[in-house]
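Peer 1: I have a structure I would like to understand better, so I am pasting it below and will then ask my questions one at a time.
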Amino acid sequence: MSSVTSSSGTSSSASGSSAKLELDNGNSMYAKLVVGADGSKSSVRELARIQTTGWKYSQSAIICTVEHAVENFCAWQRFLPNGPIALLPIGEKFSNIVWSMDPKEAVDRNSMSEDDFVKAVNLALDDGYGPHPRSKSFEGGNVFSWLKADSTSSTHEGFELPPKVIKLASHRMAFPLSLMHANSYASKRLVLIGDAAHTVHPLAGQGVNMGFADALCLSKVIAEGVAVGSDIGEVCS
Ligand SMILES: Cc1cc2nc3c(=O)[nH]c(=O)nc-3n(C[C@H](O)[C@H](O)[C@H](O)COP(=O)(O)OP(=O)(O)OC[C@H]3O[C@@H](n4cnc5c(N)ncnc54)[C@H](O)[C@@H]3O)c2cc1C
């Protein structure tokens with residue numbers, strides 16, 4: 001896509017105006033409303049000249065898929081001095097790793113051998129940075145914690161370790177982490193949703209949920225607009 005502009009003319013919309021999208025292949029498209037859902041580097045946001053506010057977290061995250069010897073259906077997260085490591089099940093014996101750390105460490109861990117990386121992950125998920133909690137509850141004095149999220153866990157269960165990683169099942173990728181917030185989510189005939197509108201640190205695992213909430217909210221607003229016969233591309237004052 002090379003431009004998004006407001007246009008009047010060839011549109012067949014009732015109001016006689018629509019957004020015009022000029023595509024890289026030379027074709028044009030017209031719509032009452034353009035939804036920018038094209039991620040954190042949104043071209044739609046850029047073409048609409050919507051400014052953003054934000055900052056870098058001075059952290060990078062290494063992400064990859066790993067394989068276990070046993071099935072894993074639990075999400076695990078351990079808080080380490082340089083940032084959290086998360087083990088997120090994706091089915092059967094596979095999980096995704098999201099490991100936040102300082103950028104220099106990320107470069108080193110991204111380039112170390114696969115065997116060394118797997119060892120480092122297992123150490124990080126086990127007792128690599130300190131002892132296991134001593135009791136069922138997290139007692140004072142323990143700087144480190146393990147969080148396990150599944151439908152069967154309870155605070156009464158004993159301490160449990162995540163399943164060991166036996167090998168990498170994908171390439172490793174390192175991402176600089178940053179917070180970004182679009183200064184506006186909507187302008188005439190255009191809205192931004194998901195990461196195009198906002199990105200947050202993966203620590204809380206909320207990025208996807210926030211995008212789903214945006215989509216739900218937008219669909220309600222559009223439905224209400226359609227129900228009362230208003231132009232869904234107009235910005236309400
Ligand atoms: C390291 C890391 C770990 C994360 N971990 C979690 C987590 O555990 N839990 C969680 O909830 N969230 C997590 N997130 C955040 C989550 O990935 C995002 O919030 C979510 O993917 C945003 O969805 P989206 O659809 O808005 O954008 P995206 O997922 O970026 O999707 C945008 C889509 O638009 C497409 N696109 C872009 N430009 C164009 C174009 N010009 N034409 C056509 N298509 C285009 C892209 O190809 C892409 O498919 C993490 C993010 C990072 C970086």
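Each chain in the structure tokens gets a letter, A, B, ..., in the order shown, and its residues are numbered from 1; ligands are numbered from 1 in order too.
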May I have a table of the residues of chain A lying at most 9 Å from ligand 1, giving each one's closest pair of atoms and their distance in Å to one decimal, counting only C-alpha atoms and all ligand atoms, ordered by chain and ascending residue number, as a tab-separated table?

Peer 2:
```
residue	atom	partner	partner_atom_place_in_ligand_line	distance
A:Met1	CA	ligand 1	41 (N)	5.7
A:Ser2	CA	ligand 1	41 (N)	8.7
A:Gly36	CA	ligand 1	34 (O)	8.6
A:Ala37	CA	ligand 1	26 (O)	5.4
A:Asp38	CA	ligand 1	34 (O)	3.5
A:Gly39	CA	ligand 1	30 (O)	3.5
A:Ser40	CA	ligand 1	30 (O)	5.9
A:Lys41	CA	ligand 1	37 (C)	7.4
A:Ser42	CA	ligand 1	38 (N)	6.0
A:Ser43	CA	ligand 1	41 (N)	6.0
A:Val44	CA	ligand 1	41 (N)	7.6
A:Ser60	CA	ligand 1	1 (C)	7.9
A:Ala61	CA	ligand 1	1 (C)	5.2
A:Ile62	CA	ligand 1	1 (C)	6.6
A:Ile63	CA	ligand 1	1 (C)	5.8
A:Ala86	CA	ligand 1	8 (O)	7.7
A:Leu87	CA	ligand 1	8 (O)	8.9
A:Leu88	CA	ligand 1	8 (O)	7.2
A:Asn96	CA	ligand 1	8 (O)	8.7
A:Ile97	CA	ligand 1	3 (C)	8.6
A:Val98	CA	ligand 1	3 (C)	5.7
A:Trp99	CA	ligand 1	1 (C)	7.8
A:Ser100	CA	ligand 1	1 (C)	8.0
A:Met173	CA	ligand 1	1 (C)	8.5
A:Ala174	CA	ligand 1	1 (C)	7.5
A:Phe175	CA	ligand 1	1 (C)	5.9
A:Pro176	CA	ligand 1	53 (C)	7.8
A:Leu177	CA	ligand 1	53 (C)	6.7
A:Ser178	CA	ligand 1	53 (C)	8.7
A:Ile193	CA	ligand 1	26 (O)	6.3
A:Gly194	CA	ligand 1	26 (O)	3.4
A:Asp195	CA	ligand 1	26 (O)	3.9
A:Ala196	CA	ligand 1	26 (O)	5.8
A:Ala197	CA	ligand 1	26 (O)	7.8
A:His198	CA	ligand 1	19 (O)	8.1
A:Thr199	CA	ligand 1	19 (O)	6.3
A:Val200	CA	ligand 1	15 (C)	7.3
A:His201	CA	ligand 1	51 (C)	7.3
A:Pro202	CA	ligand 1	4 (C)	4.5
A:Leu203	CA	ligand 1	8 (O)	7.3
A:Ala204	CA	ligand 1	9 (N)	7.1
A:Gly205	CA	ligand 1	9 (N)	3.4
A:Gln206	CA	ligand 1	11 (O)	4.1
A:Gly207	CA	ligand 1	19 (O)	3.2
A:Val208	CA	ligand 1	11 (O)	3.7
A:Asn209	CA	ligand 1	11 (O)	5.5
A:Met210	CA	ligand 1	19 (O)	7.2
A:Gly211	CA	ligand 1	26 (O)	5.6
A:Phe212	CA	ligand 1	23 (O)	8.4
```

Peer 1: Counting only C-alpha atoms, what is within 9 Å of Ala182 of chain A, bar same-chain residues fewer than 3 positions away, as a VMD selection string?

Peer 2: chain A and resid 45 50 to 54 185 192 196 to 198

Peer 1: Save the residues we just selected, C-alpha atoms, as a compact mmCIF listing (two decimals), in the first residue's frame?

Peer 2:
```txt
# COMPACT_ATOMS: atom_id res chain seq x y z
CA ARG A 45 -0.62 4.61 10.84
CA ILE A 50 -0.60 9.55 13.20
CA GLN A 51 2.23 10.25 15.65
CA THR A 52 3.19 7.90 18.47
CA THR A 53 4.53 8.26 22.00
CA GLY A 54 6.72 5.68 23.70
CA TYR A 185 -6.69 5.76 17.46
CA LEU A 192 -6.06 1.69 14.41
CA ALA A 196 -0.81 -0.68 15.25
CA ALA A 197 -2.37 1.34 18.09
CA HIS A 198 -0.25 0.16 21.05
```

Peer 1: Using only C-alpha atoms, which protein or nucleic acid residues come within 12 Å of Gly91 of chain A? Drop anything in the same chain fewer than 3 positions from it, and give the result as a JSON list (two decimals) with N, CA and C atoms, in the first residue's frame.

Peer 2:
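Generated file (result11.json):
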```
[["chain", "number", "residue", "atom", "x", "y", "z"],
["A", 65, "THR", "N", 10.88, -21.60, 19.47],
["A", 65, "THR", "CA", 10.05, -22.75, 19.85],
["A", 65, "THR", "C", 10.98, -23.87, 20.31],
["A", 66, "VAL", "N", 10.59, -24.54, 21.40],
["A", 66, "VAL", "CA", 11.42, -25.62, 21.95],
["A", 66, "VAL", "C", 10.60, -26.89, 22.07],
["A", 67, "GLU", "N", 11.33, -28.00, 22.17],
["A", 67, "GLU", "CA", 10.67, -29.30, 22.32],
["A", 67, "GLU", "C", 11.03, -29.89, 23.69],
["A", 68, "HIS", "N", 10.03, -30.53, 24.32],
["A", 68, "HIS", "CA", 10.24, -31.22, 25.60],
["A", 68, "HIS", "C", 10.20, -32.73, 25.36],
["A", 70, "VAL", "N", 8.38, -34.52, 27.31],
["A", 70, "VAL", "CA", 7.00, -34.86, 27.69],
["A", 70, "VAL", "C", 6.05, -33.76, 27.21],
["A", 71, "GLU", "N", 4.76, -34.03, 27.22],
["A", 71, "GLU", "CA", 3.79, -33.02, 26.81],
["A", 71, "GLU", "C", 3.76, -31.88, 27.83],
["A", 72, "ASN", "N", 3.53, -30.67, 27.34],
["A", 72, "ASN", "CA", 3.41, -29.53, 28.25],
["A", 72, "ASN", "C", 2.12, -28.78, 27.95],
["A", 73, "PHE", "N", 1.29, -28.62, 28.97],
["A", 73, "PHE", "CA", 0.04, -27.87, 28.77],
["A", 73, "PHE", "C", -0.04, -26.66, 29.70],
["A", 74, "CYS", "N", 1.10, -26.35, 30.37],
["A", 74, "CYS", "CA", 1.10, -25.22, 31.32],
["A", 74, "CYS", "C", 1.97, -24.08, 30.81],
["A", 75, "ALA", "N", 1.55, -22.86, 31.12],
["A", 75, "ALA", "CA", 2.41, -21.69, 30.88],
["A", 75, "ALA", "C", 3.20, -21.44, 32.15],
["A", 88, "LEU", "N", 5.66, -21.01, 27.03],
["A", 88, "LEU", "CA", 4.24, -20.96, 26.68],
["A", 88, "LEU", "C", 3.88, -22.15, 25.81],
["A", 94, "PHE", "N", 5.59, -29.22, 22.53],
["A", 94, "PHE", "CA", 6.25, -27.99, 22.10],
["A", 94, "PHE", "C", 5.79, -26.77, 22.92],
["A", 95, "SER", "N", 6.74, -25.87, 23.15],
["A", 95, "SER", "CA", 6.42, -24.60, 23.83],
["A", 95, "SER", "C", 7.18, -23.48, 23.15],
["A", 96, "ASN", "N", 6.65, -22.26, 23.28],
["A", 96, "ASN", "CA", 7.39, -21.07, 22.85],
["A", 96, "ASN", "C", 8.10, -20.47, 24.05]]
```

Peer 1: DSSP on the backbone: what in segment 47-232 of chain A comes out alpha helix (DSSP H), as a count of residues only?

Peer 2: 43

Peer 1: Could you pull out the strand (DSSP E) residues of segment 28-115 of chain A from DSSP and send them as a ChimeraX atom specification?

Peer 2: /A:28-31,34-36,52-68,75-80,83-91,94-101

Peer 1: Identify which of the residues A:Cys64, A:Asn122, A:His171, A:Ile222 lies closest to Ile90 of chain A, counting only C-alpha atoms when measuring atom-to-atom distances.

Peer 2: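 Among the listed residues, the smallest separation from Ile90 of chain A belongs to A:Cys64.
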
Peer 1: Just how far from atom CA of Asn27 of chain A is atom CA of Val221 of chain A, in Å to one decimal?

Peer 2: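 If I compute the distance from atom CA of Val221 of chain A to atom CA of Asn27 of chain A, I get 29.6 Å.
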
Peer 1: Residues within 12 Å of Asn82 of chain A, please, as a PDB file with N, CA, C and O atoms, in the first residue's frame. Count only C-alpha atoms; anything in the same chain fewer than 4 positions from it doesn't count.

Peer 2:
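Result written to selection09.pdb:
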```
ATOM      1  N   TYR A  57      12.535  -0.197  26.227  1.00  0.00           N
ATOM      2  CA  TYR A  57      12.672  -0.759  27.573  1.00  0.00           C
ATOM      3  C   TYR A  57      14.126  -1.097  27.929  1.00  0.00           C
ATOM      4  O   TYR A  57      14.380  -1.640  28.988  1.00  0.00           O
ATOM      5  N   SER A  58      15.083  -0.860  27.015  1.00  0.00           N
ATOM      6  CA  SER A  58      16.470  -1.298  27.223  1.00  0.00           C
ATOM      7  C   SER A  58      16.543  -2.798  27.480  1.00  0.00           C
ATOM      8  O   SER A  58      17.363  -3.268  28.275  1.00  0.00           O
ATOM      9  N   GLN A  59      15.648  -3.507  26.878  1.00  0.00           N
ATOM     10  CA  GLN A  59      15.639  -4.971  26.973  1.00  0.00           C
ATOM     11  C   GLN A  59      15.320  -5.531  25.592  1.00  0.00           C
ATOM     12  O   GLN A  59      14.635  -4.895  24.794  1.00  0.00           O
ATOM     13  N   SER A  60      15.840  -6.727  25.336  1.00  0.00           N
ATOM     14  CA  SER A  60      15.448  -7.455  24.129  1.00  0.00           C
ATOM     15  C   SER A  60      14.840  -8.771  24.573  1.00  0.00           C
ATOM     16  O   SER A  60      15.113  -9.242  25.686  1.00  0.00           O
ATOM     17  N   ALA A  61      14.008  -9.344  23.713  1.00  0.00           N
ATOM     18  CA  ALA A  61      13.453 -10.668  24.028  1.00  0.00           C
ATOM     19  C   ALA A  61      13.921 -11.651  22.964  1.00  0.00           C
ATOM     20  O   ALA A  61      13.860 -11.353  21.767  1.00  0.00           O
ATOM     21  N   ARG A  78       9.297 -17.305  34.937  1.00  0.00           N
ATOM     22  CA  ARG A  78      10.197 -17.134  36.065  1.00  0.00           C
ATOM     23  C   ARG A  78      10.850 -15.759  35.949  1.00  0.00           C
ATOM     24  O   ARG A  78      11.309 -15.372  34.876  1.00  0.00           O
ATOM     25  N   TRP A  99      12.088 -14.801  26.289  1.00  0.00           N
ATOM     26  CA  TRP A  99      13.074 -14.585  27.348  1.00  0.00           C
ATOM     27  C   TRP A  99      13.597 -13.151  27.232  1.00  0.00           C
ATOM     28  O   TRP A  99      14.302 -12.814  26.290  1.00  0.00           O
ATOM     29  N   SER A 100      13.220 -12.297  28.186  1.00  0.00           N
ATOM     30  CA  SER A 100      13.640 -10.886  28.180  1.00  0.00           C
ATOM     31  C   SER A 100      14.965 -10.742  28.920  1.00  0.00           C
ATOM     32  O   SER A 100      15.158 -11.358  29.984  1.00  0.00           O
ATOM     33  N   MET A 101      15.826  -9.912  28.371  1.00  0.00           N
ATOM     34  CA  MET A 101      17.158  -9.722  28.981  1.00  0.00           C
ATOM     35  C   MET A 101      17.768  -8.448  28.428  1.00  0.00           C
ATOM     36  O   MET A 101      17.160  -7.811  27.553  1.00  0.00           O
ATOM     37  N   ASP A 102      18.979  -8.077  28.915  1.00  0.00           N
ATOM     38  CA  ASP A 102      19.541  -6.847  28.354  1.00  0.00           C
ATOM     39  C   ASP A 102      20.053  -7.143  26.938  1.00  0.00           C
ATOM     40  O   ASP A 102      20.356  -8.286  26.595  1.00  0.00           O
ATOM     41  N   PRO A 103      20.106  -6.086  26.089  1.00  0.00           N
ATOM     42  CA  PRO A 103      20.385  -6.303  24.662  1.00  0.00           C
ATOM     43  C   PRO A 103      21.702  -7.027  24.386  1.00  0.00           C
ATOM     44  O   PRO A 103      21.792  -7.855  23.473  1.00  0.00           O
ATOM     45  N   LYS A 104      22.741  -6.739  25.172  1.00  0.00           N
ATOM     46  CA  LYS A 104      24.055  -7.386  24.943  1.00  0.00           C
ATOM     47  C   LYS A 104      23.935  -8.889  25.211  1.00  0.00           C
ATOM     48  O   LYS A 104      24.430  -9.729  24.454  1.00  0.00           O
ATOM     49  N   GLU A 105      23.253  -9.215  26.315  1.00  0.00           N
ATOM     50  CA  GLU A 105      23.063 -10.630  26.660  1.00  0.00           C
ATOM     51  C   GLU A 105      22.268 -11.333  25.549  1.00  0.00           C
ATOM     52  O   GLU A 105      22.542 -12.486  25.205  1.00  0.00           O
ATOM     53  N   ALA A 106      21.302 -10.610  24.982  1.00  0.00           N
ATOM     54  CA  ALA A 106      20.472 -11.213  23.919  1.00  0.00           C
ATOM     55  C   ALA A 106      21.326 -11.542  22.693  1.00  0.00           C
ATOM     56  O   ALA A 106      21.152 -12.600  22.074  1.00  0.00           O
ATOM     57  N   ALA A 124      17.900 -21.440  33.407  1.00  0.00           N
ATOM     58  CA  ALA A 124      17.047 -20.281  33.728  1.00  0.00           C
ATOM     59  C   ALA A 124      15.685 -20.724  34.258  1.00  0.00           C
ATOM     60  O   ALA A 124      15.093 -20.053  35.107  1.00  0.00           O
ATOM     61  N   TYR A 129      19.572 -19.261  38.803  1.00  0.00           N
ATOM     62  CA  TYR A 129      19.820 -17.927  39.383  1.00  0.00           C
ATOM     63  C   TYR A 129      19.497 -17.883  40.875  1.00  0.00           C
ATOM     64  O   TYR A 129      19.377 -16.820  41.459  1.00  0.00           O
ATOM     65  N   PHE A 144      13.334 -14.907  43.745  1.00  0.00           N
ATOM     66  CA  PHE A 144      12.877 -15.482  42.490  1.00  0.00           C
ATOM     67  C   PHE A 144      11.533 -16.171  42.679  1.00  0.00           C
ATOM     68  O   PHE A 144      11.246 -16.706  43.736  1.00  0.00           O
TER      69      PHE A 144
END
```

Peer 1: Using only C-alpha atoms, pick whichever of A:Ala186, A:Phe117, A:Leu125, A:Ser230 has the shortest atom-to-atom distance to Leu218 of chain A.

Peer 2: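 Closest candidate: A:Ala186.
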
Peer 1: With distances taken over only C-alpha atoms, which of A:Ala223, A:Asn183, A:Glu114, A:Val107 is nearest to Glu46 of chain A?

Peer 2: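 Answer, going by the shortest atom-to-atom distance: A:Asn183.
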